$ cat protein_39.txt   # compact mmCIF, N, CA and C atoms
# COMPACT_ATOMS: atom_id res chain seq x y z
N ILE F 1456 0.84 -1.18 0.00
CA ILE F 1456 0.00 0.00 0.00
C ILE F 1456 0.88 1.25 0.00
N ARG F 1457 1.94 1.23 0.77
CA ARG F 1457 2.83 2.39 0.80
C ARG F 1457 3.44 2.67 -0.56
N ALA F 1458 3.83 1.60 -1.27
CA ALA F 1458 4.42 1.78 -2.60
C ALA F 1458 3.42 2.42 -3.56
N ILE F 1459 2.17 2.02 -3.46
CA ILE F 1459 1.13 2.60 -4.32
C ILE F 1459 0.91 4.06 -3.97
N GLN F 1460 0.81 4.37 -2.69
CA GLN F 1460 0.62 5.74 -2.27
C GLN F 1460 1.79 6.62 -2.71
N LYS F 1461 3.00 6.09 -2.61
CA LYS F 1461 4.19 6.83 -3.00
C LYS F 1461 4.19 7.07 -4.52
N ALA F 1462 3.80 6.07 -5.28
CA ALA F 1462 3.76 6.19 -6.74
C ALA F 1462 2.73 7.21 -7.19
N GLU F 1463 1.63 7.33 -6.49
CA GLU F 1463 0.58 8.27 -6.86
C GLU F 1463 1.04 9.72 -6.71
N ARG F 1464 1.94 9.98 -5.84
CA ARG F 1464 2.42 11.34 -5.61
C ARG F 1464 3.38 11.83 -6.68
N LYS F 1465 3.99 10.88 -7.40
CA LYS F 1465 4.94 11.26 -8.43
C LYS F 1465 4.22 11.94 -9.60
N THR F 1466 4.91 12.85 -10.25
CA THR F 1466 4.35 13.47 -11.44
C THR F 1466 4.81 12.70 -12.66
N LEU F 1467 4.10 12.87 -13.74
CA LEU F 1467 4.45 12.18 -14.98
C LEU F 1467 5.70 12.80 -15.58
N PRO F 1468 6.52 12.00 -16.24
CA PRO F 1468 7.67 12.57 -16.96
C PRO F 1468 7.17 13.52 -18.05
N ALA F 1469 7.97 14.50 -18.41
CA ALA F 1469 7.56 15.50 -19.40
C ALA F 1469 7.19 14.84 -20.73
N SER F 1470 7.96 13.82 -21.15
CA SER F 1470 7.68 13.16 -22.43
C SER F 1470 6.31 12.48 -22.41
N LEU F 1471 5.95 11.86 -21.30
CA LEU F 1471 4.65 11.19 -21.19
C LEU F 1471 3.53 12.22 -21.10
N GLU F 1472 3.77 13.30 -20.41
CA GLU F 1472 2.78 14.37 -20.32
C GLU F 1472 2.51 14.96 -21.71
N GLU F 1473 3.56 15.18 -22.48
CA GLU F 1473 3.40 15.73 -23.84
C GLU F 1473 2.67 14.73 -24.74
N TRP F 1474 3.02 13.44 -24.63
CA TRP F 1474 2.41 12.41 -25.44
C TRP F 1474 0.91 12.28 -25.17
N SER F 1475 0.50 12.53 -23.93
CA SER F 1475 -0.89 12.31 -23.55
C SER F 1475 -1.80 13.50 -23.86
N GLN F 1476 -1.26 14.56 -24.41
CA GLN F 1476 -2.09 15.72 -24.77
C GLN F 1476 -2.94 15.38 -26.00
N PRO F 1477 -4.13 15.96 -26.10
CA PRO F 1477 -4.97 15.68 -27.26
C PRO F 1477 -4.35 16.21 -28.55
N LEU F 1478 -4.66 15.55 -29.65
CA LEU F 1478 -4.16 15.98 -30.95
C LEU F 1478 -4.84 17.28 -31.37
N PRO F 1479 -4.15 18.11 -32.14
CA PRO F 1479 -4.82 19.29 -32.71
C PRO F 1479 -5.93 18.84 -33.66
N ARG F 1480 -6.95 19.65 -33.80
CA ARG F 1480 -8.11 19.30 -34.62
C ARG F 1480 -7.73 18.93 -36.06
N GLU F 1481 -6.73 19.59 -36.63
CA GLU F 1481 -6.35 19.28 -38.02
C GLU F 1481 -5.71 17.90 -38.17
N GLN F 1482 -5.33 17.25 -37.08
CA GLN F 1482 -4.76 15.91 -37.14
C GLN F 1482 -5.79 14.82 -36.84
N TRP F 1483 -7.02 15.19 -36.56
CA TRP F 1483 -8.06 14.20 -36.29
C TRP F 1483 -8.36 13.41 -37.56
N ALA F 1484 -8.75 12.16 -37.40
CA ALA F 1484 -9.16 11.33 -38.53
C ALA F 1484 -10.46 11.88 -39.11
N GLN F 1485 -10.60 11.80 -40.42
CA GLN F 1485 -11.80 12.29 -41.10
C GLN F 1485 -12.59 11.10 -41.64
N PRO F 1486 -13.93 11.17 -41.57
CA PRO F 1486 -14.74 10.07 -42.11
C PRO F 1486 -14.62 10.01 -43.63
N SER F 1487 -14.70 8.81 -44.16
CA SER F 1487 -14.62 8.62 -45.61
C SER F 1487 -15.91 9.11 -46.26
N GLU F 1488 -15.85 9.29 -47.59
CA GLU F 1488 -17.06 9.70 -48.32
C GLU F 1488 -18.14 8.62 -48.21
N ALA F 1489 -17.74 7.37 -48.23
CA ALA F 1489 -18.71 6.27 -48.13
C ALA F 1489 -19.42 6.33 -46.78
N LEU F 1490 -18.68 6.59 -45.71
CA LEU F 1490 -19.31 6.70 -44.39
C LEU F 1490 -20.23 7.90 -44.32
N GLU F 1491 -19.84 9.00 -44.94
CA GLU F 1491 -20.70 10.19 -44.97
C GLU F 1491 -22.02 9.87 -45.68
N ARG F 1492 -21.94 9.15 -46.82
CA ARG F 1492 -23.17 8.79 -47.56
C ARG F 1492 -24.03 7.83 -46.74
N LEU F 1493 -23.40 6.85 -46.09
CA LEU F 1493 -24.13 5.91 -45.24
C LEU F 1493 -24.85 6.66 -44.13
N SER F 1494 -24.15 7.56 -43.46
CA SER F 1494 -24.74 8.31 -42.36
C SER F 1494 -25.91 9.17 -42.82
N ALA F 1495 -25.75 9.80 -43.97
CA ALA F 1495 -26.82 10.65 -44.51
C ALA F 1495 -28.07 9.81 -44.80
N GLU F 1496 -27.88 8.63 -45.37
CA GLU F 1496 -29.03 7.76 -45.67
C GLU F 1496 -29.69 7.26 -44.39
N VAL F 1497 -28.89 6.91 -43.40
CA VAL F 1497 -29.45 6.46 -42.12
C VAL F 1497 -30.26 7.59 -41.48
N ARG F 1498 -29.72 8.82 -41.49
CA ARG F 1498 -30.46 9.96 -40.92
C ARG F 1498 -31.76 10.21 -41.68
N ARG F 1499 -31.71 10.09 -43.02
CA ARG F 1499 -32.92 10.31 -43.83
C ARG F 1499 -34.00 9.29 -43.47
N ARG F 1500 -33.61 8.03 -43.38
CA ARG F 1500 -34.59 6.98 -43.06
C ARG F 1500 -35.08 7.09 -41.62
N GLN F 1501 -34.22 7.52 -40.73
CA GLN F 1501 -34.64 7.68 -39.34
C GLN F 1501 -35.66 8.81 -39.21
N ALA F 1502 -35.50 9.86 -40.01
CA ALA F 1502 -36.47 10.95 -40.00
C ALA F 1502 -37.84 10.47 -40.49
N GLN F 1503 -37.83 9.53 -41.45
CA GLN F 1503 -39.09 8.98 -41.97
C GLN F 1503 -39.75 8.03 -40.99
N GLN F 1504 -38.94 7.30 -40.21
CA GLN F 1504 -39.45 6.31 -39.25
C GLN F 1504 -38.78 6.51 -37.90
N PRO F 1505 -39.13 7.57 -37.17
CA PRO F 1505 -38.43 7.90 -35.92
C PRO F 1505 -38.55 6.85 -34.82
N ASN F 1506 -39.58 6.02 -34.85
CA ASN F 1506 -39.75 5.01 -33.79
C ASN F 1506 -39.00 3.72 -34.06
N ARG F 1507 -38.45 3.59 -35.24
CA ARG F 1507 -37.71 2.38 -35.59
C ARG F 1507 -36.31 2.43 -34.97
N PRO F 1508 -35.80 1.33 -34.45
CA PRO F 1508 -34.47 1.33 -33.83
C PRO F 1508 -33.38 1.73 -34.84
N ILE F 1509 -32.47 2.58 -34.41
CA ILE F 1509 -31.41 3.04 -35.29
C ILE F 1509 -30.53 1.88 -35.75
N THR F 1510 -30.37 0.89 -34.92
CA THR F 1510 -29.55 -0.26 -35.31
C THR F 1510 -30.17 -1.02 -36.48
N ALA F 1511 -31.49 -1.12 -36.49
CA ALA F 1511 -32.18 -1.81 -37.59
C ALA F 1511 -32.03 -1.01 -38.88
N ILE F 1512 -32.15 0.31 -38.78
CA ILE F 1512 -32.00 1.16 -39.96
C ILE F 1512 -30.57 1.05 -40.49
N PHE F 1513 -29.60 1.14 -39.61
CA PHE F 1513 -28.21 1.04 -40.03
C PHE F 1513 -27.94 -0.29 -40.71
N ALA F 1514 -28.42 -1.37 -40.12
CA ALA F 1514 -28.20 -2.70 -40.70
C ALA F 1514 -28.82 -2.80 -42.08
N GLU F 1515 -30.02 -2.24 -42.24
CA GLU F 1515 -30.70 -2.28 -43.53
C GLU F 1515 -29.90 -1.50 -44.58
N VAL F 1516 -29.51 -0.29 -44.25
CA VAL F 1516 -28.78 0.55 -45.20
C VAL F 1516 -27.42 -0.07 -45.51
N TYR F 1517 -26.73 -0.52 -44.49
CA TYR F 1517 -25.40 -1.11 -44.68
C TYR F 1517 -25.49 -2.38 -45.53
N GLY F 1518 -26.55 -3.14 -45.35
CA GLY F 1518 -26.73 -4.37 -46.11
C GLY F 1518 -27.01 -4.13 -47.58
N GLU F 1519 -27.55 -2.98 -47.93
CA GLU F 1519 -27.87 -2.68 -49.32
C GLU F 1519 -26.63 -2.39 -50.16
N LYS F 1520 -25.61 -1.85 -49.55
CA LYS F 1520 -24.32 -1.55 -50.19
C LYS F 1520 -24.43 -0.53 -51.33
N GLU F 1521 -25.60 0.03 -51.59
CA GLU F 1521 -25.76 1.05 -52.64
C GLU F 1521 -24.96 2.31 -52.32
N TRP F 1522 -24.86 2.61 -51.06
CA TRP F 1522 -24.20 3.85 -50.63
C TRP F 1522 -22.70 3.82 -50.92
N LEU F 1523 -22.13 2.64 -51.16
CA LEU F 1523 -20.70 2.55 -51.48
C LEU F 1523 -20.37 3.10 -52.85
N THR F 1524 -21.29 2.91 -53.80
CA THR F 1524 -21.01 3.29 -55.18
C THR F 1524 -21.66 4.60 -55.59
N ALA F 1525 -22.45 5.17 -54.72
CA ALA F 1525 -23.18 6.40 -55.07
C ALA F 1525 -22.24 7.57 -55.29
$ encode --input "protein_39.txt" --output "structure tokens"
Amino acid sequence: IRAIQKAERKTLPASLEEWSQPLPREQWAQPSEALERLSAEVRRRQAQQPNRPITAIFAEVYGEKEWLTA
């Protein structure tokens, strides 16, 4: 227990502190065009059927694969 308490008081090394900082917004991953089309179609169908589970809508749209080639 003493070793754990002692370790908790230590600060992180500067290199680890720097590494753990969030990435700048311009380095964030961007969604693909296919994912954007899939999401748009899911939102459109959800607006038409708001009581339907989103997972069912997503599975239906994803299963059609039309959004990949659009």
$ axis_aligned_box --input "protein_39.txt" --around "range 1480-1495 of chain F" --padding-each-side "8 Å" --output "AutoDock Vina command-line options"
--center_x -16.4 --center_y 12.8 --center_z -41.1 --size_x 39.3 --size_y 29.7 --size_z 30.5
$ atom_distance --input "protein_39.txt" --atom1 "atom C of Leu1490 in chain F" --atom2 "atom C of Asn1506 in chain F"
21.8 Å
$ atom_distance --input "protein_39.txt" --atom1 "CA of Arg1492 in chain F" --atom2 "CA of Val1516 in chain F"
10.2 Å
$ atom_distance --input "protein_39.txt" --atom1 "atom N of Ala1502 in chain F" --atom2 "atom C of Ala1514 in chain F"
14.5 Å
$ residues_around --input "protein_39.txt" --residues "Ile1512 in chain F" --least-positions-apart "3" --cutoff "10 Å" --atoms "only C-alpha atoms" --output "PDB file with N, CA and C atoms, keeping the file's coordinate frame"
ATOM      1  N   GLU F1496     -27.880   8.630 -45.370  1.00  0.00           N
ATOM      2  CA  GLU F1496     -29.030   7.760 -45.670  1.00  0.00           C
ATOM      3  C   GLU F1496     -29.690   7.260 -44.390  1.00  0.00           C
ATOM      4  N   VAL F1497     -28.890   6.910 -43.400  1.00  0.00           N
ATOM      5  CA  VAL F1497     -29.450   6.460 -42.120  1.00  0.00           C
ATOM      6  C   VAL F1497     -30.260   7.590 -41.480  1.00  0.00           C
ATOM      7  N   ARG F1498     -29.720   8.820 -41.490  1.00  0.00           N
ATOM      8  CA  ARG F1498     -30.460   9.960 -40.920  1.00  0.00           C
ATOM      9  C   ARG F1498     -31.760  10.210 -41.680  1.00  0.00           C
ATOM     10  N   ARG F1499     -31.710  10.090 -43.020  1.00  0.00           N
ATOM     11  CA  ARG F1499     -32.920  10.310 -43.830  1.00  0.00           C
ATOM     12  C   ARG F1499     -34.000   9.290 -43.470  1.00  0.00           C
ATOM     13  N   ARG F1500     -33.610   8.030 -43.380  1.00  0.00           N
ATOM     14  CA  ARG F1500     -34.590   6.980 -43.060  1.00  0.00           C
ATOM     15  C   ARG F1500     -35.080   7.090 -41.620  1.00  0.00           C
ATOM     16  N   GLN F1501     -34.220   7.520 -40.730  1.00  0.00           N
ATOM     17  CA  GLN F1501     -34.640   7.680 -39.340  1.00  0.00           C
ATOM     18  C   GLN F1501     -35.660   8.810 -39.210  1.00  0.00           C
ATOM     19  N   GLN F1504     -38.940   7.300 -40.210  1.00  0.00           N
ATOM     20  CA  GLN F1504     -39.450   6.310 -39.250  1.00  0.00           C
ATOM     21  C   GLN F1504     -38.780   6.510 -37.900  1.00  0.00           C
ATOM     22  N   ARG F1507     -38.450   3.590 -35.240  1.00  0.00           N
ATOM     23  CA  ARG F1507     -37.710   2.380 -35.590  1.00  0.00           C
ATOM     24  C   ARG F1507     -36.310   2.430 -34.970  1.00  0.00           C
ATOM     25  N   PRO F1508     -35.800   1.330 -34.450  1.00  0.00           N
ATOM     26  CA  PRO F1508     -34.470   1.330 -33.830  1.00  0.00           C
ATOM     27  C   PRO F1508     -33.380   1.730 -34.840  1.00  0.00           C
ATOM     28  N   ILE F1509     -32.470   2.580 -34.410  1.00  0.00           N
ATOM     29  CA  ILE F1509     -31.410   3.040 -35.290  1.00  0.00           C
ATOM     30  C   ILE F1509     -30.530   1.880 -35.750  1.00  0.00           C
ATOM     31  N   GLU F1515     -30.020  -2.240 -42.240  1.00  0.00           N
ATOM     32  CA  GLU F1515     -30.700  -2.280 -43.530  1.00  0.00           C
ATOM     33  C   GLU F1515     -29.900  -1.500 -44.580  1.00  0.00           C
ATOM     34  N   VAL F1516     -29.510  -0.290 -44.250  1.00  0.00           N
ATOM     35  CA  VAL F1516     -28.780   0.550 -45.200  1.00  0.00           C
ATOM     36  C   VAL F1516     -27.420  -0.070 -45.510  1.00  0.00           C
ATOM     37  N   TYR F1517     -26.730  -0.520 -44.490  1.00  0.00           N
ATOM     38  CA  TYR F1517     -25.400  -1.110 -44.680  1.00  0.00           C
ATOM     39  C   TYR F1517     -25.490  -2.380 -45.530  1.00  0.00           C
ATOM     40  N   GLY F1518     -26.550  -3.140 -45.350  1.00  0.00           N
ATOM     41  CA  GLY F1518     -26.730  -4.370 -46.110  1.00  0.00           C
ATOM     42  C   GLY F1518     -27.010  -4.130 -47.580  1.00  0.00           C
TER      43      GLY F1518
END
